[in-house]
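This is run-v7.pdb. It holds PDB, C-alpha atoms.
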```
ATOM      1  CA  MET O  21     -36.389 -12.767 -23.196
ATOM      2  CA  LYS O  22     -37.675  -9.730 -21.334
ATOM      3  CA  LYS O  23     -37.554 -11.741 -18.113
ATOM      4  CA  ASP O  24     -33.885 -12.497 -18.813
ATOM      5  CA  LEU O  25     -33.222  -8.813 -19.297
ATOM      6  CA  ASN O  26     -34.951  -7.860 -16.054
ATOM      7  CA  ALA O  27     -33.201 -10.552 -14.026
ATOM      8  CA  VAL O  28     -29.763  -9.628 -15.373
ATOM      9  CA  LEU O  29     -30.460  -5.938 -14.833
ATOM     10  CA  ILE O  30     -31.430  -6.542 -11.195
ATOM     11  CA  ILE O  31     -28.339  -8.699 -10.540
ATOM     12  CA  TRP O  32     -26.147  -6.102 -12.245
ATOM     13  CA  LEU O  33     -27.632  -3.296 -10.135
ATOM     14  CA  LEU O  34     -27.093  -5.319  -6.950
ATOM     15  CA  ALA O  35     -23.498  -6.065  -7.974
ATOM     16  CA  LEU O  36     -22.930  -2.370  -8.715
ATOM     17  CA  LEU O  37     -24.414  -1.294  -5.386
ATOM     18  CA  GLY O  38     -22.644  -4.055  -3.444
ATOM     19  CA  GLY O  39     -19.309  -3.197  -5.036
ATOM     20  CA  PHE O  40     -19.793   0.497  -4.300
ATOM     21  CA  LEU O  41     -20.673  -0.107  -0.630
ATOM     22  CA  TRP O  42     -17.811  -2.596  -0.241
ATOM     23  CA  ASN O  43     -15.258  -0.153  -1.677
ATOM     24  CA  ALA O  44     -16.743   2.769   0.241
ATOM     25  CA  ALA O  45     -16.246   0.798   3.473
ATOM     26  CA  LEU O  46     -12.565   0.208   2.622
ATOM     27  CA  PHE O  47     -11.975   3.945   2.343
ATOM     28  CA  ALA O  48     -14.306   4.843   5.214
ATOM     29  CA  ALA O  49     -12.225   2.870   7.739
ATOM     30  CA  PRO O  50      -9.265   5.306   7.788
ATOM     31  CA  LEU O  51     -11.399   8.376   7.060
ATOM     32  CA  LEU O  52     -13.696   7.735  10.040
ATOM     33  CA  LYS O  53     -10.883   6.873  12.412
ATOM     34  CA  ARG O  54     -10.902  10.258  14.136
ATOM     35  CA  SER O  55     -14.580  11.179  13.923
ATOM     36  CA  SER O  56     -16.089   7.708  14.538
ATOM     37  CA  PRO O  57     -13.389   5.414  15.923
ATOM     38  CA  VAL O  58     -15.851   2.645  16.834
ATOM     39  CA  VAL O  59     -17.296   2.446  13.312
ATOM     40  CA  SER O  60     -13.777   2.569  11.902
ATOM     41  CA  ALA O  61     -12.622  -0.276  14.182
ATOM     42  CA  LEU O  62     -15.680  -2.340  13.212
ATOM     43  CA  ILE O  63     -14.896  -1.927   9.529
ATOM     44  CA  TYR O  64     -11.262  -2.947  10.084
ATOM     45  CA  ALA O  65     -12.461  -5.947  12.087
ATOM     46  CA  ALA O  66     -15.020  -6.928   9.433
ATOM     47  CA  PHE O  67     -12.349  -7.100   6.743
ATOM     48  CA  SER O  68      -9.685  -8.749   8.904
ATOM     49  CA  PRO O  69     -10.795 -12.344   8.076
ATOM     50  CA  VAL O  70     -10.348 -11.749   4.346
ATOM     51  CA  CYS O  71      -7.121  -9.745   4.433
ATOM     52  CA  HIS O  72      -3.902  -9.784   6.467
ATOM     53  CA  GLN O  73      -4.060  -5.935   6.701
ATOM     54  CA  VAL O  74      -0.267  -5.684   7.039
ATOM     55  CA  PRO O  75       0.372  -1.909   7.120
ATOM     56  CA  GLU O  76       3.398  -1.974   4.837
ATOM     57  CA  ARG O  77       1.250  -3.527   2.100
ATOM     58  CA  CYS O  78      -1.653  -1.091   2.490
ATOM     59  CA  LEU O  79      -2.361   2.322   1.002
ATOM     60  CA  PHE O  80      -2.601   5.082   3.614
ATOM     61  CA  ILE O  81      -5.190   7.853   3.822
ATOM     62  CA  HIS O  82      -5.044  10.551   6.487
ATOM     63  CA  GLY O  83      -2.318   8.657   8.293
ATOM     64  CA  SER O  84      -4.180   5.335   8.516
ATOM     65  CA  PRO O  85      -4.144   2.272   6.254
ATOM     66  CA  LEU O  86      -7.145   1.259   4.190
ATOM     67  CA  ALA O  87      -9.112  -1.717   5.511
ATOM     68  CA  VAL O  88      -7.399  -4.142   3.083
ATOM     69  CA  CYS O  89      -3.995  -4.525   1.429
ATOM     70  CA  GLY O  90      -3.095  -3.202  -2.020
ATOM     71  CA  ARG O  91      -3.798  -6.483  -3.813
ATOM     72  CA  CYS O  92      -7.243  -6.889  -2.254
ATOM     73  CA  LEU O  93      -8.009  -3.225  -2.937
ATOM     74  CA  GLY O  94      -7.107  -3.821  -6.586
ATOM     75  CA  ILE O  95      -9.417  -6.844  -6.772
ATOM     76  CA  TYR O  96     -12.348  -4.955  -5.251
ATOM     77  CA  LEU O  97     -11.837  -1.793  -7.325
ATOM     78  CA  GLY O  98     -11.413  -4.001 -10.399
ATOM     79  CA  PHE O  99     -14.691  -5.709  -9.555
ATOM     80  CA  SER O 100     -16.501  -2.372  -9.543
ATOM     81  CA  ALA O 101     -14.785  -1.285 -12.767
ATOM     82  CA  GLY O 102     -15.781  -4.577 -14.426
ATOM     83  CA  THR O 103     -19.368  -4.136 -13.226
ATOM     84  CA  ILE O 104     -19.504  -0.656 -14.762
ATOM     85  CA  LEU O 105     -18.111  -2.037 -18.035
ATOM     86  CA  TYR O 106     -20.468  -5.035 -18.100
ATOM     87  CA  PRO O 107     -23.457  -3.436 -19.906
ATOM     88  CA  PHE O 108     -21.180  -1.996 -22.596
ATOM     89  CA  LEU O 109     -19.613  -5.385 -23.338
ATOM     90  CA  ARG O 110     -22.528  -7.770 -22.758
ATOM     91  CA  ARG O 111     -25.649  -5.608 -22.613
ATOM     92  CA  PHE O 112     -28.377  -7.238 -20.531
ATOM     93  CA  SER O 113     -29.078 -10.287 -22.672
ATOM     94  CA  LYS O 114     -28.764 -13.838 -21.313
ATOM     95  CA  PRO O 115     -25.365 -13.905 -19.573
ATOM     96  CA  PHE O 116     -22.623 -16.419 -20.258
ATOM     97  CA  LEU O 117     -19.261 -17.138 -18.665
ATOM     98  CA  PRO O 118     -16.045 -15.664 -20.082
ATOM     99  CA  ALA O 119     -13.802 -17.956 -22.119
ATOM    100  CA  THR O 120     -11.340 -19.995 -20.068
ATOM    101  CA  SER O 121      -8.441 -18.585 -22.092
ATOM    102  CA  ILE O 122      -9.408 -15.036 -21.057
ATOM    103  CA  PHE O 123      -9.593 -16.094 -17.412
ATOM    104  CA  ILE O 124      -6.121 -17.626 -17.604
ATOM    105  CA  LEU O 125      -4.780 -14.490 -19.299
ATOM    106  CA  VAL O 126      -6.101 -12.080 -16.649
ATOM    107  CA  SER O 127      -5.029 -14.462 -13.863
ATOM    108  CA  LEU O 128      -1.410 -14.585 -15.007
ATOM    109  CA  PRO O 129      -0.259 -11.256 -13.456
ATOM    110  CA  ILE O 130      -1.822 -11.893 -10.037
ATOM    111  CA  GLY O 131      -0.809 -15.562 -10.140
ATOM    112  CA  LEU O 132       2.835 -14.820 -10.912
ATOM    113  CA  ASP O 133       3.010 -11.923  -8.461
ATOM    114  CA  THR O 134       1.397 -13.904  -5.654
ATOM    115  CA  ALA O 135       3.484 -17.023  -6.283
ATOM    116  CA  GLY O 136       6.744 -15.037  -6.479
ATOM    117  CA  ASN O 137       6.037 -13.206  -3.224
ATOM    118  CA  PHE O 138       4.766 -16.305  -1.454
ATOM    119  CA  LEU O 139       7.831 -18.350  -2.404
ATOM    120  CA  GLY O 140      10.151 -15.483  -1.466
ATOM    121  CA  LEU O 141      11.493 -15.073  -5.011
ATOM    122  CA  TRP O 142      10.805 -11.331  -4.962
ATOM    123  CA  THR O 143       8.893  -8.694  -3.025
ATOM    124  CA  SER O 144       6.578  -6.627  -5.184
ATOM    125  CA  PRO O 145       5.940  -2.993  -4.332
ATOM    126  CA  LEU O 146       2.391  -1.801  -3.792
ATOM    127  CA  GLY O 147       1.802  -0.601  -7.381
ATOM    128  CA  PRO O 148       2.181  -3.933  -9.199
ATOM    129  CA  ARG O 149       0.114  -5.712  -6.524
ATOM    130  CA  LEU O 150      -2.662  -3.168  -6.978
ATOM    131  CA  VAL O 151      -2.580  -3.379 -10.784
ATOM    132  CA  ALA O 152      -2.484  -7.213 -10.787
ATOM    133  CA  GLY O 153      -5.517  -7.246  -8.478
ATOM    134  CA  LEU O 154      -7.278  -4.654 -10.624
ATOM    135  CA  ILE O 155      -6.843  -6.732 -13.787
ATOM    136  CA  TRP O 156      -8.057  -9.916 -12.118
ATOM    137  CA  GLY O 157     -10.944  -8.269 -10.287
ATOM    138  CA  SER O 158     -12.312  -6.721 -13.473
ATOM    139  CA  ILE O 159     -13.337 -10.127 -14.896
ATOM    140  CA  LEU O 160     -15.098 -11.316 -11.738
ATOM    141  CA  PRO O 161     -18.464  -9.540 -12.305
ATOM    142  CA  PHE O 162     -18.830 -11.468 -15.561
ATOM    143  CA  TYR O 163     -18.737 -14.668 -13.490
ATOM    144  CA  LEU O 164     -20.838 -13.343 -10.646
ATOM    145  CA  ILE O 165     -23.688 -12.091 -12.829
ATOM    146  CA  THR O 166     -23.814 -15.320 -14.866
ATOM    147  CA  GLY O 167     -23.624 -17.530 -11.784
ATOM    148  CA  PHE O 168     -26.266 -15.659  -9.823
ATOM    149  CA  TYR O 169     -28.517 -15.525 -12.879
ATOM    150  CA  GLU O 170     -28.295 -19.303 -13.298
ATOM    151  CA  ALA O 171     -28.670 -19.930  -9.567
ATOM    152  CA  GLY O 172     -31.817 -17.787  -9.653
ATOM    153  CA  GLN O 173     -33.142 -19.715 -12.651
ATOM    154  CA  ARG O 174     -32.485 -22.989 -10.848
ATOM    155  CA  LEU O 175     -34.232 -21.890  -7.656
ATOM    156  CA  ASN O 176     -37.101 -20.521  -9.738
ATOM    157  CA  ARG O 177     -37.535 -23.876 -11.477
ATOM    158  CA  LYS O 178     -37.470 -25.658  -8.135
ATOM    159  CA  PHE O 179     -40.187 -23.435  -6.648
ATOM    160  CA  ARG O 180     -42.316 -23.788  -9.761
ATOM    161  CA  LEU O 181     -42.025 -27.583  -9.636
ATOM    162  CA  LYS O 182     -43.014 -27.602  -5.976
ATOM    163  CA  SER O 183     -46.017 -25.368  -6.487
TER     164      SER O 183
ATOM    165  CA  MET J  29     -32.956 -34.463 -14.130
ATOM    166  CA  ASN J  30     -32.415 -32.548 -10.947
ATOM    167  CA  ASP J  31     -32.709 -35.849  -9.073
ATOM    168  CA  GLN J  32     -29.303 -36.799 -10.427
ATOM    169  CA  LYS J  33     -27.635 -33.720  -8.990
ATOM    170  CA  PRO J  34     -24.794 -34.753  -6.706
ATOM    171  CA  ASN J  35     -24.745 -33.970  -2.996
ATOM    172  CA  MET J  36     -23.108 -30.564  -2.543
ATOM    173  CA  LEU J  37     -22.315 -30.889   1.142
ATOM    174  CA  PRO J  38     -19.203 -33.153   1.076
ATOM    175  CA  PRO J  39     -17.322 -31.047  -1.524
ATOM    176  CA  ALA J  40     -18.338 -27.853   0.298
ATOM    177  CA  LEU J  41     -17.084 -29.277   3.600
ATOM    178  CA  ILE J  42     -13.729 -30.353   2.141
ATOM    179  CA  GLY J  43     -13.102 -27.154   0.139
ATOM    180  CA  GLY J  44     -14.337 -24.932   2.954
ATOM    181  CA  ALA J  45     -12.306 -26.706   5.635
ATOM    182  CA  ILE J  46      -9.074 -26.417   3.630
ATOM    183  CA  ALA J  47      -9.731 -22.743   2.829
ATOM    184  CA  GLY J  48     -10.652 -22.001   6.443
ATOM    185  CA  VAL J  49      -7.515 -23.612   7.872
ATOM    186  CA  LEU J  50      -5.204 -21.932   5.362
ATOM    187  CA  SER J  51      -6.760 -18.490   5.792
ATOM    188  CA  GLY J  52      -6.575 -18.795   9.579
ATOM    189  CA  ILE J  53      -2.873 -19.610   9.905
ATOM    190  CA  PRO J  54      -0.514 -16.633  10.300
ATOM    191  CA  PHE J  55       1.902 -16.089   7.391
ATOM    192  CA  LEU J  56      -0.167 -18.407   5.143
ATOM    193  CA  ASN J  57      -3.031 -15.927   5.404
ATOM    194  CA  CYS J  58      -1.022 -13.466   3.297
ATOM    195  CA  LEU J  59      -3.020 -14.699   0.296
ATOM    196  CA  CYS J  60      -6.126 -13.042   1.773
ATOM    197  CA  CYS J  61      -9.395 -13.842   0.011
ATOM    198  CA  LEU J  62      -7.620 -15.979  -2.589
ATOM    199  CA  TRP J  63      -7.720 -18.952  -0.203
ATOM    200  CA  ILE J  64     -11.503 -18.722  -0.008
ATOM    201  CA  ILE J  65     -11.832 -18.455  -3.762
ATOM    202  CA  GLY J  66      -9.350 -21.326  -4.162
ATOM    203  CA  GLY J  67     -11.230 -23.504  -1.655
ATOM    204  CA  SER J  68     -14.471 -22.905  -3.530
ATOM    205  CA  VAL J  69     -12.813 -23.779  -6.833
ATOM    206  CA  LEU J  70     -11.664 -27.030  -5.182
ATOM    207  CA  ALA J  71     -15.203 -27.702  -3.901
ATOM    208  CA  THR J  72     -16.536 -27.222  -7.427
ATOM    209  CA  TYR J  73     -13.883 -29.539  -8.836
ATOM    210  CA  LEU J  74     -14.853 -32.235  -6.331
ATOM    211  CA  LEU J  75     -18.530 -31.716  -7.149
ATOM    212  CA  THR J  76     -18.079 -32.013 -10.913
ATOM    213  CA  LYS J  77     -15.557 -34.870 -10.725
ATOM    214  CA  ASP J  78     -18.122 -37.555  -9.930
ATOM    215  CA  SER J  79     -21.211 -35.852 -11.279
ATOM    216  CA  PRO J  80     -23.087 -37.921 -13.867
ATOM    217  CA  ILE J  81     -24.661 -34.790 -15.367
ATOM    218  CA  SER J  82     -23.535 -31.392 -16.558
ATOM    219  CA  LEU J  83     -23.764 -28.691 -13.900
ATOM    220  CA  THR J  84     -24.376 -24.975 -14.332
ATOM    221  CA  SER J  85     -22.568 -21.978 -12.908
ATOM    222  CA  GLY J  86     -25.562 -21.582 -10.585
ATOM    223  CA  ASP J  87     -24.614 -24.907  -8.997
ATOM    224  CA  GLY J  88     -21.083 -23.539  -8.681
ATOM    225  CA  ALA J  89     -22.395 -20.445  -6.921
ATOM    226  CA  ILE J  90     -24.351 -22.538  -4.432
ATOM    227  CA  VAL J  91     -21.567 -25.013  -3.589
ATOM    228  CA  GLY J  92     -19.075 -22.110  -3.439
ATOM    229  CA  ALA J  93     -21.260 -20.150  -1.023
ATOM    230  CA  LEU J  94     -21.616 -23.264   1.167
ATOM    231  CA  ALA J  95     -17.841 -23.749   1.096
ATOM    232  CA  GLY J  96     -17.424 -20.083   2.083
ATOM    233  CA  ILE J  97     -19.687 -20.522   5.111
ATOM    234  CA  VAL J  98     -17.791 -23.657   6.162
ATOM    235  CA  ALA J  99     -14.510 -21.753   5.696
ATOM    236  CA  ALA J 100     -15.762 -18.923   7.941
ATOM    237  CA  VAL J 101     -16.587 -21.375  10.731
ATOM    238  CA  VAL J 102     -13.267 -23.228  10.407
ATOM    239  CA  ASP J 103     -11.313 -19.958  10.166
ATOM    240  CA  SER J 104     -12.952 -18.693  13.367
ATOM    241  CA  LEU J 105     -12.242 -21.958  15.203
ATOM    242  CA  VAL J 106      -8.628 -22.043  14.003
ATOM    243  CA  GLY J 107      -8.284 -18.417  15.077
ATOM    244  CA  ILE J 108      -9.090 -19.180  18.743
ATOM    245  CA  PRO J 109      -5.871 -21.041  19.659
ATOM    246  CA  LEU J 110      -3.828 -18.943  17.224
ATOM    247  CA  HIS J 111      -5.033 -15.569  18.510
ATOM    248  CA  GLY J 112      -1.974 -15.044  20.700
ATOM    249  CA  LEU J 113       0.348 -16.043  17.875
ATOM    250  CA  ASN J 114      -1.405 -13.653  15.479
ATOM    251  CA  VAL J 115      -0.937 -10.755  17.872
ATOM    252  CA  ALA J 116       2.737 -11.676  18.385
ATOM    253  CA  VAL J 117       3.357 -11.783  14.627
ATOM    254  CA  MET J 118       1.698  -8.402  14.185
ATOM    255  CA  ARG J 119       3.692  -6.893  17.026
ATOM    256  CA  ARG J 120       6.964  -8.130  15.520
ATOM    257  CA  MET J 121       5.922  -6.667  12.194
ATOM    258  CA  MET J 122       5.143  -3.342  13.866
ATOM    259  CA  GLU J 123       8.575  -3.279  15.483
ATOM    260  CA  ARG J 124      10.192  -3.903  12.123
ATOM    261  CA  LEU J 125       8.058  -1.207  10.547
ATOM    262  CA  SER J 126       8.926   1.290  13.242
ATOM    263  CA  GLU J 127      12.403   1.483  11.689
ATOM    264  CA  PHE J 128      10.741   3.363   8.842
ATOM    265  CA  ALA J 129       8.559   5.439  11.119
ATOM    266  CA  GLU J 130       9.858   8.732   9.759
ATOM    267  CA  GLU J 131       8.725   7.814   6.280
ATOM    268  CA  MET J 132       5.301   6.614   7.404
ATOM    269  CA  PRO J 133       2.300   8.828   8.152
ATOM    270  CA  SER J 134       1.818   9.686  11.792
ATOM    271  CA  GLY J 135      -0.498   7.557  13.926
ATOM    272  CA  TRP J 136      -0.143   4.436  11.801
ATOM    273  CA  GLU J 137       1.469   2.463  14.611
ATOM    274  CA  ASN J 138      -1.632   2.608  16.787
ATOM    275  CA  TRP J 139      -4.209   1.193  14.405
ATOM    276  CA  ILE J 140      -3.261  -2.394  15.044
ATOM    277  CA  GLY J 141      -3.701  -2.160  18.799
ATOM    278  CA  ARG J 142      -7.296  -3.273  18.449
ATOM    279  CA  THR J 143      -6.157  -6.809  17.551
ATOM    280  CA  GLY J 144      -4.865  -7.325  21.052
ATOM    281  CA  GLY J 145      -8.238  -6.799  22.687
ATOM    282  CA  GLY J 146     -10.105  -9.651  24.301
ATOM    283  CA  ALA J 147     -13.123 -11.067  22.538
ATOM    284  CA  SER J 148     -16.394 -12.059  24.177
ATOM    285  CA  ILE J 149     -18.610 -14.852  22.920
ATOM    286  CA  ALA J 150     -21.075 -12.301  21.552
ATOM    287  CA  MET J 151     -18.317 -10.538  19.630
ATOM    288  CA  PHE J 152     -17.100 -13.905  18.380
ATOM    289  CA  LEU J 153     -20.563 -14.767  17.064
ATOM    290  CA  VAL J 154     -21.046 -11.352  15.453
ATOM    291  CA  GLY J 155     -17.623 -11.696  13.848
ATOM    292  CA  LEU J 156     -18.495 -15.202  12.676
ATOM    293  CA  PHE J 157     -21.741 -13.962  11.135
ATOM    294  CA  ILE J 158     -19.992 -11.139   9.263
ATOM    295  CA  SER J 159     -17.207 -13.495   8.159
ATOM    296  CA  ALA J 160     -19.759 -16.025   6.945
ATOM    297  CA  ALA J 161     -21.523 -13.378   4.830
ATOM    298  CA  ILE J 162     -18.269 -12.115   3.284
ATOM    299  CA  PHE J 163     -16.835 -15.608   2.798
ATOM    300  CA  ALA J 164     -20.091 -16.833   1.245
ATOM    301  CA  ALA J 165     -19.983 -14.004  -1.325
ATOM    302  CA  LEU J 166     -16.339 -14.697  -2.166
ATOM    303  CA  GLY J 167     -17.006 -18.448  -2.128
ATOM    304  CA  ALA J 168     -19.899 -18.089  -4.572
ATOM    305  CA  LEU J 169     -17.575 -16.206  -6.887
ATOM    306  CA  GLY J 170     -14.937 -18.927  -6.575
ATOM    307  CA  GLY J 171     -17.554 -21.611  -7.192
ATOM    308  CA  ILE J 172     -18.691 -19.948 -10.417
ATOM    309  CA  VAL J 173     -15.097 -19.571 -11.596
ATOM    310  CA  GLY J 174     -14.499 -23.236 -10.722
ATOM    311  CA  MET J 175     -17.568 -24.310 -12.655
ATOM    312  CA  SER J 176     -16.356 -22.421 -15.708
ATOM    313  CA  LEU J 177     -13.073 -24.340 -15.464
ATOM    314  CA  PHE J 178     -14.348 -27.839 -14.633
ATOM    315  CA  GLY J 179     -18.090 -27.898 -15.231
ATOM    316  CA  LYS J 180     -18.331 -28.126 -18.987
ATOM    317  CA  LYS J 181     -16.709 -31.479 -19.618
ATOM    318  CA  LYS J 182     -19.793 -33.640 -19.079
ATOM    319  CA  ALA J 183     -21.979 -33.909 -22.152
ATOM    320  CA  GLN J 184     -24.324 -36.735 -21.227
ATOM    321  CA  GLY J 185     -26.798 -34.551 -19.337
ATOM    322  CA  ALA J 186     -29.928 -34.922 -21.434
ATOM    323  CA  GLY J 187     -30.959 -31.713 -23.084
ATOM    324  CA  ILE J 188     -28.564 -29.502 -21.207
ATOM    325  CA  ALA J 189     -27.165 -26.546 -23.072
ATOM    326  CA  PRO J 190     -23.402 -26.033 -23.235
ATOM    327  CA  GLN J 191     -22.106 -24.447 -20.057
ATOM    328  CA  ASN J 192     -19.931 -21.863 -21.687
ATOM    329  CA  PRO J 193     -20.901 -20.746 -25.182
ATOM    330  CA  SER J 194     -18.202 -18.103 -25.120
ATOM    331  CA  ASP J 195     -15.569 -20.805 -25.400
ATOM    332  CA  CYS J 196     -16.524 -21.027 -29.044
ATOM    333  CA  GLN J 197     -15.845 -17.324 -29.453
ATOM    334  CA  PRO J 198     -12.533 -15.595 -29.942
TER     335      PRO J 198
END
```
Output the file's structure in the form of structure tokens.
Amino acid sequence: MKKDLNAVLIIWLLALLGGFLWNAALFAAPLLKRSSPVVSALIYAAFSPVCHQVPERCLFIHGSPLAVCGRCLGIYLGFSAGTILYPFLRRFSKPFLPATSIFILVSLPIGLDTAGNFLGLWTSPLGPRLVAGLIWGSILPFYLITGFYEAGQRLNRKFRLKS
Amino acid sequence: MNDQKPNMLPPALIGGAIAGVLSGIPFLNCLCCLWIIGGSVLATYLLTKDSPISLTSGDGAIVGALAGIVAAVVDSLVGIPLHGLNVAVMRRMMERLSEFAEEMPSGWENWIGRTGGGASIAMFLVGLFISAAIFAALGALGGIVGMSLFGKKKAQGAGIAPQNPSDCQP
């Protein structure tokens, strides 16, 4: 039981740190543009495979867009918010996946918004994209922590069997 | 029981290849990281479909991460012939945006110029490595989500606990 607690705590801390660094990089890209243009360009380039980075869909800071669009920013900020909330909702006991119905519920806003925009039915402004991403991103740490915990358990079992 | 675990490579290759192609094509790539997560969910679905035993979310994380790495490779390869097209699309978008230049912060029109630069093999490999790391993380997440959706239907795995106890909760 104590082992469970330690493992979940370590995964949670890594998720918290990873989320913080990830989000810090998003904001650092425009902020470093004048003082460290090379670092800024590298950050933009690093995020370009996972986001279209279209300027009209990005938030601007100091005259430059963030490294990802509003929807992606929402997902990543939501991830960090969900990670902060995790210990209050689940503590550090053995983790389990959220109910499918909850996943469907939080996926509805981003699903509808994305489908509507993709099919050309409407064009959402930045705010709703950000909020839809925020809602969806907030549930993701509950999956990540459970999945990594179980992957760790599986690898642990494998090593123990081998040795 | 682990001997019965299905081979993760074929589903990871299929899910990753589809995600990589879709995220590499201009216009279609407007769904950003959702393609990677979607491809990993597909990989998990393919994995669980023919699995004789119940799988855990850890299996989802592993097959999702593999699919993410495959997607990064495919995305990079698709990006080579489409590089010129990508730059052209961005330039057209910039021209359209310039109509609103007075309402936009100053200097915004220059930030995209970096996409037109040539890329060496070293830069390509560094970019591929970074993409693979990011895609693997997102893919693992997608794989876990996929396992929560498709992984709990098999009950014949001897002695395996239910995948998602929370489904019994409100």
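Interface residues of chain O facing chain J, defined by any atom at most 7 Å away and using all atoms listed in the file, are Ala66, Pro69, Val70, Cys71, His72, Gly83, Ser84, Phe116, Leu117, Pro118, Ala119, Thr120, Tyr163, Leu164, Gly167, Phe168, Glu170 and Ala171 of chain O.
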So that I can see what lies close to segment 137-146 of chain O, please list as a PyMOL selection string the residues with an atom at most 7 Å from it, counting all atoms listed in the file and leaving out residues fewer than 4 positions away in the same chain. chain O and resi 77+90+133+150
Put a box with edges along x, y and z around all the listed atoms of segment 62-69 of chain J, pad it by 3 Å on each side, then give me its centre and sizes in Å, one decimal, as JSON.
```
{"center_x": -11.0, "center_y": -19.9, "center_z": -3.4, "size_x": 12.9, "size_y": 13.8, "size_z": 12.8}
```
Expected answer as a ChimeraX atom specification: all residues with atoms within 12 Å of (-8.1, -15.3, -15.9), only C-alpha atoms: /O:117-131,152-160,162-163 /J:173-174,176-177
Chain and number of each residue from the PyMOL selection byres ((chain O and resi 42) around 12), as a list of chain:residue names: O:Leu34, O:Ala35, O:Leu36, O:Leu37, O:Gly38, O:Gly39, O:Phe40, O:Leu41, O:Asn43, O:Ala44, O:Ala45, O:Leu46, O:Phe47, O:Ala48, O:Ala49, O:Ile63, O:Ala66, O:Phe67, O:Ala87, O:Val88, O:Cys92, O:Leu93, O:Ile95, O:Tyr96, O:Leu97, O:Phe99, O:Ser100, J:Ile162, J:Ala165
Which residues are near segment 24-31 of chain O? Cut-off 7 Å, all atoms listed in the file, ignore same chain within fewer than 3 positions. Put them as a ChimeraX atom specification. /O:21,34-35,112-114,165,169
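Closest to Ile81 of chain J among J:Leu110, J:Leu153, J:Gly179, J:Leu94 is J:Gly179, based on all atoms listed in the file.
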